[in-house]
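Working notes, structure below.
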Amino acid sequence: MELTPQNKSNEQLPESIEAGDKERWASLIGGGAMVLMGLRQRSLRGVLMAVAGGGLLYQGAKKQSTLKQAQEAIGLNQPIKVEKTVTINKPAAELYSYWHDFAKLPTFMKHLESVTVIDSKKSHWVAKAPLDTNVEWDAEIIQERENELIAWASAEDADIENSGFVRFKPAPDNRGTEVKVVLEYNPPGGAIASAVAKLFGEEPEQQIGDDLRRFKQLMETGEIATTEGQSSGRE
Amino acid sequence: MKAVCWEGTTKVEVKNVPDPKILNPRDAIIKITSTAICGSDLHLYDGYVPTMQKGDILGHEFMGEVVELGSAVKNVQIGDRVVVPFTISCGNCFFCNRDLWSLCDNSNPNAWIAEKIMGHSPSGLFGYSHMLGGYAGGQAEYARVPFADVGLFKIPDGLSDDQVLFLTDIFPTGYMAAENCDIKPGDTVAIWGCGPVGQFAIRSAYMLGADRVIAIDRVPERLQMAKEQGKAEVLNYEEVDVGEALKEMTGGRGPDACMDAVGMEAHGTGLEGFYDEAKQALRLETDRPTALRQVIVACRKGGTVSIPGVYGGFIDKMPMGAAMNKALTMKMGQTHVHRYLKPLLEHIQNGDIDPSFVITHSMKLEDAPKGYEIFKHKKDNCIKVVLKP
Ligand SMILES: [Zn+2]
Ligand SMILES: [Zn+2]
């Protein structure tokens, strides 16, 4: 495939990320540098793989991945990346342990039907899709640091290839914890394209923002604010 | 149950709707004994607040008796008589912990809409558009109260509904507006708007030590109440040039603090008034800032501007040059109602104030459409309407 200079960086692969880059990303994910501009140019998945090191090898992180082929087939060469941060008035340890139990994620991630924990690394995700269908994938934790970071990626054959990390960083002056989610997914073509549109909403930033807001509500107040099911003159 | 529903611009209907249900563990259901129509309800009534939907239940000033409690509410009992702050606050977030209740992070399920307009979302409010939560209001026989363990305020025996109902909004709102004036001994406070909030602001300014209060309006019975019961000096802005009059009354200095208790539907005079009304009608600006402009220009150098009047969106032709060059301090915000419940109840119990003075009309819930009509047009000397379900 011919690469134009503009999108060349999109095709950068972990193998070609220089050592300096790896360090930069490692410090970023660890909570050091806050410059996320790089994420707009590079694959988060690739970066996560690079940071995780050679321990886990994913096809998707390699050249000629099915992902890349699919993108070429439907003319998309840009994975969708979303980042959102919220400050939660609770200690990092409490937030980390709730999030780390993936089975609990559907309590505040509205589009998820269920997450089944298979073992300490693997989990199976089922997301709601239109017309009573579901989208499913397996995911694996590719990096975790207690009370600081959880990074995950879907398995190679996932309906929607996605990866992300959540980072917990103490806010200044005991103001709780800054929780940052960075997520990347690849819009597939064909029948499940509309399912994906529904899954992350037309504005994925808002969808992730709302998920995070519900997480904050649940952690701070013990419940999620709602008006669903209240009385009105419409019924 | 019966409830007052917004059915479109200048159209409210009392409809039969389903009874409210407990939806969350910290909810309570209140059987409402008294509820009021507020000046800010008129902004909804007149269609100036976006994100209203047909069938929304109105009302944010209400009180009653607890009839049902969610599993997590332990500090209130069924049968307790309570007032309900119009701001919905969780009691757990950064802002609630700092006594900034109307800025609660967790009570607006539609925060994303508010964020698009304002950058951040304030707290949810009862019966005040979907942008601010879309919560069903309290002009009804029953209401669901979220975060009831921090939102319900128990009323001791011996006080009537009419004496305590306004703890829900207009008394704390007037009081906080006066507090925001940063009153020092010898100060003169000028208050634009002698509606219910303005009336409470006048009394609160005196309670906080103001030397003089000058109240500005055009409605004769409001000016009369401000003068006779509130002991304010009054100006009718249709009769005098308010800015010049205030200068003359304050030795040329201008009032030490100036308050805009009018908000988005201010009536202007002359060309400027026409300009704002036309722009608002064409939806080119969301608010008419006539009063706010006057407040800024009239305030003395180094003085304080306090804004309890409701603004919803964007305004233009603001005299920022005056504000900056005169080094004004501007203070504003929805009321942190929870902060004032206890101290203001004490003022009522001590007999410092009987908030029922502001009520001119008491009617049945079914008569709400008539209530809105006479309140909007200030017919029949109307200042404040209370509805009894
Ligand atoms: Zn009100
Ligand atoms: Zn709060």
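As shown in the structure tokens, the chain order sets the letters A, B, ...; within each chain, residues go from 1, and ligands are also counted from 1 in the order they appear.
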At a cut-off of 10 Å, can you tabulate as CSV every residue of chain A near ligand 2 together with its closest atom pair and the distance in Å to one decimal, using only C-alpha atoms and all ligand atoms and ordering rows by chain then number?
```
residue,atom,partner,partner_atom_place_in_ligand_line,distance
A:Gln217,CA,ligand 2,1 (Zn),9.0
A:Glu220,CA,ligand 2,1 (Zn),8.5
A:Thr221,CA,ligand 2,1 (Zn),8.2
```
At a cut-off of 12 Å around ligand 1, and using only C-alpha atoms and all ligand atoms, what residues come up? Please write them as a PDB file with C-alpha atoms, in the first residue's frame.
```
ATOM      1  CA  THR B  35     -46.228  24.342  46.586  1.00  0.00           C
ATOM      2  CA  ALA B  36     -45.585  27.715  44.987  1.00  0.00           C
ATOM      3  CA  ILE B  37     -45.270  29.275  41.555  1.00  0.00           C
ATOM      4  CA  CYS B  38     -41.905  31.014  41.178  1.00  0.00           C
ATOM      5  CA  GLY B  39     -40.764  33.864  38.968  1.00  0.00           C
ATOM      6  CA  SER B  40     -38.353  31.452  37.339  1.00  0.00           C
ATOM      7  CA  ASP B  41     -41.311  29.193  36.463  1.00  0.00           C
ATOM      8  CA  LEU B  42     -42.440  32.056  34.251  1.00  0.00           C
ATOM      9  CA  HIS B  43     -39.281  31.648  32.147  1.00  0.00           C
ATOM     10  CA  LEU B  44     -40.440  28.067  31.496  1.00  0.00           C
ATOM     11  CA  LEU B  58     -43.486  21.873  36.859  1.00  0.00           C
ATOM     12  CA  GLY B  59     -42.636  23.232  40.284  1.00  0.00           C
ATOM     13  CA  HIS B  60     -39.539  23.507  42.451  1.00  0.00           C
ATOM     14  CA  GLU B  61     -40.896  25.096  45.630  1.00  0.00           C
ATOM     15  CA  PHE B  62     -42.720  22.419  47.605  1.00  0.00           C
ATOM     16  CA  VAL B  84     -37.413  20.295  49.908  1.00  0.00           C
ATOM     17  CA  PRO B  85     -34.581  22.499  48.530  1.00  0.00           C
ATOM     18  CA  PHE B  86     -35.084  23.201  44.821  1.00  0.00           C
ATOM     19  CA  THR B  87     -31.452  22.309  44.114  1.00  0.00           C
ATOM     20  CA  LEU B 125     -33.181  21.139  39.727  1.00  0.00           C
ATOM     21  CA  PHE B 126     -36.760  20.038  40.285  1.00  0.00           C
ATOM     22  CA  GLY B 127     -39.095  20.787  37.399  1.00  0.00           C
ATOM     23  CA  TYR B 128     -36.634  22.932  35.510  1.00  0.00           C
ATOM     24  CA  GLY B 137     -41.437  18.958  39.788  1.00  0.00           C
ATOM     25  CA  GLY B 138     -43.541  19.482  42.881  1.00  0.00           C
ATOM     26  CA  GLN B 139     -46.646  21.258  41.609  1.00  0.00           C
ATOM     27  CA  LEU B 165     -42.465  26.913  52.388  1.00  0.00           C
ATOM     28  CA  PHE B 166     -40.120  29.585  51.036  1.00  0.00           C
ATOM     29  CA  LEU B 167     -37.096  27.954  52.635  1.00  0.00           C
ATOM     30  CA  THR B 168     -37.214  25.849  49.448  1.00  0.00           C
ATOM     31  CA  ASP B 169     -36.028  28.734  47.279  1.00  0.00           C
ATOM     32  CA  ILE B 170     -36.933  32.406  47.454  1.00  0.00           C
ATOM     33  CA  PHE B 171     -35.952  33.126  51.069  1.00  0.00           C
ATOM     34  CA  PRO B 172     -32.474  31.539  50.803  1.00  0.00           C
ATOM     35  CA  THR B 173     -32.145  33.004  47.301  1.00  0.00           C
ATOM     36  CA  GLY B 174     -32.832  36.530  48.541  1.00  0.00           C
ATOM     37  CA  GLY B 195     -40.655  40.336  43.049  1.00  0.00           C
ATOM     38  CA  PRO B 196     -40.622  37.710  45.782  1.00  0.00           C
ATOM     39  CA  VAL B 197     -36.816  37.229  45.676  1.00  0.00           C
ATOM     40  CA  PRO B 308     -29.646  36.094  41.881  1.00  0.00           C
ATOM     41  CA  GLY B 309     -31.721  36.678  38.717  1.00  0.00           C
ATOM     42  CA  VAL B 310     -31.801  33.644  36.461  1.00  0.00           C
ATOM     43  CA  GLN B 334     -28.047  29.374  41.845  1.00  0.00           C
ATOM     44  CA  THR B 335     -28.742  29.275  45.556  1.00  0.00           C
ATOM     45  CA  VAL B 337     -30.184  26.182  49.481  1.00  0.00           C
ATOM     46  CA  LYS B 384     -46.727  35.281  45.105  1.00  0.00           C
ATOM     47  CA  VAL B 385     -49.042  32.339  44.447  1.00  0.00           C
ATOM     48  CA  VAL B 386     -49.209  29.289  46.714  1.00  0.00           C
TER      49      VAL B 386
END
```
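The space between CA of Gly79 in chain B and CA of Phe357 in chain B spans 27.6 Å.
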Please list as an mmCIF file with N, CA and C atoms, in the first residue's frame every residue within 9 Å of Ile80 in chain A, counting only C-alpha atoms and excluding residues in the same chain fewer than 3 positions away.
```cif
data_model
loop_
_atom_site.group_PDB
_atom_site.id
_atom_site.type_symbol
_atom_site.label_atom_id
_atom_site.label_comp_id
_atom_site.auth_asym_id
_atom_site.auth_seq_id
_atom_site.Cartn_x
_atom_site.Cartn_y
_atom_site.Cartn_z
ATOM 1 N N LEU A 183 -9.520 5.102 25.025
ATOM 2 C CA LEU A 183 -10.110 3.952 24.357
ATOM 3 C C LEU A 183 -9.906 4.094 22.867
ATOM 4 N N GLU A 184 -9.645 2.990 22.237
ATOM 5 C CA GLU A 184 -9.533 3.029 20.786
ATOM 6 C C GLU A 184 -10.309 1.848 20.217
ATOM 7 N N TYR A 185 -11.037 2.089 19.165
ATOM 8 C CA TYR A 185 -11.691 0.961 18.509
ATOM 9 C C TYR A 185 -11.731 1.223 17.012
ATOM 10 N N ASN A 186 -11.975 0.153 16.292
ATOM 11 C CA ASN A 186 -11.890 0.240 14.844
ATOM 12 C C ASN A 186 -13.255 0.005 14.249
ATOM 13 N N PRO A 187 -13.798 1.009 13.611
ATOM 14 C CA PRO A 187 -15.135 0.835 13.062
ATOM 15 C C PRO A 187 -15.110 -0.199 11.953
ATOM 16 N N PRO A 204 -18.660 9.346 20.391
ATOM 17 C CA PRO A 204 -18.054 8.432 21.367
ATOM 18 C C PRO A 204 -17.513 9.153 22.600
#
```
Can you list every residue of chain B that has an atom at most 8 Å from chain A, with its nearest atom pair and the distance in Å to one decimal, using only C-alpha atoms, ordered by chain then number, as CSV?
```
residue,atom,partner,partner_atom,distance
B:Ala3,CA,A:Gly233,CA,7.9
B:Cys5,CA,A:Gly233,CA,6.1
B:Lys15,CA,A:Gly233,CA,6.7
B:Asn16,CA,A:Gly233,CA,7.4
B:Val17,CA,A:Gly233,CA,5.6
B:Pro18,CA,A:Ser231,CA,5.5
B:Asp19,CA,A:Ser231,CA,6.3
B:Pro20,CA,A:Ser231,CA,5.3
B:Lys21,CA,A:Gln230,CA,6.7
B:Leu23,CA,A:Gly229,CA,7.3
B:Asn24,CA,A:Glu223,CA,6.8
B:Pro25,CA,A:Glu223,CA,7.4
B:Arg26,CA,A:Glu223,CA,7.9
B:Lys54,CA,A:Arg234,CA,7.1
B:Gly55,CA,A:Gly233,CA,3.9
B:Asp56,CA,A:Ser232,CA,5.6
B:Ile57,CA,A:Ser232,CA,5.9
B:Cys90,CA,A:Thr221,CA,6.5
B:Gly91,CA,A:Thr221,CA,7.9
B:Asn92,CA,A:Glu220,CA,5.9
B:Cys93,CA,A:Asn89,CA,6.1
B:Phe94,CA,A:Asn89,CA,6.4
B:Asn106,CA,A:Gln217,CA,5.5
B:Ser107,CA,A:Ala225,CA,5.8
B:Asn108,CA,A:Ala225,CA,6.8
B:Pro109,CA,A:Ala225,CA,5.6
B:Trp112,CA,A:Gln206,CA,7.4
B:Gly133,CA,A:Thr227,CA,7.6
B:Gly134,CA,A:Thr227,CA,6.8
B:Tyr135,CA,A:Thr227,CA,6.0
B:Ala136,CA,A:Ser231,CA,6.7
B:Arg144,CA,A:Gln230,CA,7.9
B:Pro146,CA,A:Ala225,CA,7.9
```
**Request:** Go through B:Asn180, B:Gln199, B:Gln349, B:Thr188 and flag the residue nearest Thr304 in chain B, using only C-alpha atoms for the distances.
**Result:**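 Ranking B:Asn180, B:Gln199, B:Gln349, B:Thr188 by distance to Thr304 in chain B, first place goes to B:Asn180.
Across B:Gly371, B:Gly193, B:Gly254, B:Pro185, the tightest approach to Met207 in chain B is made by B:Pro185 when counting only C-alpha atoms.
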**Complete:** CA of Glu228 in chain B to CA of Met332 in chain B measures 27.9 Å
**Prompt:** What are the DSSP alpha helix (DSSP H) residues of range 86-275 of chain B, as a ChimeraX atom specification?
**Reply:** /B:94-97,111-118,148-151,161-164,170-179,196-207,220-228,242-249,270-275
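Distance annotation: of B:Ala266, B:Cys181, B:Val164, B:Ile30, the residue with the minimal separation from Arg218 in chain B is B:Ala266; atom set is only C-alpha atoms.
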**Message:** I'd like the neighbourhood of Ile32 in chain B as JSON, numbers by chain, where a residue qualifies if any of its atoms comes within 6 Å (using only C-alpha atoms), though same-chain residues fewer than 2 positions away should be ignored.
**Reply:** {"B": [30, 34, 63, 64, 141, 142]}
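Shortest atom-to-atom contact with Ala140 in chain B among B:Ser89, B:Thr33, B:Asn381, B:Ser102: B:Thr33, counting only C-alpha atoms.
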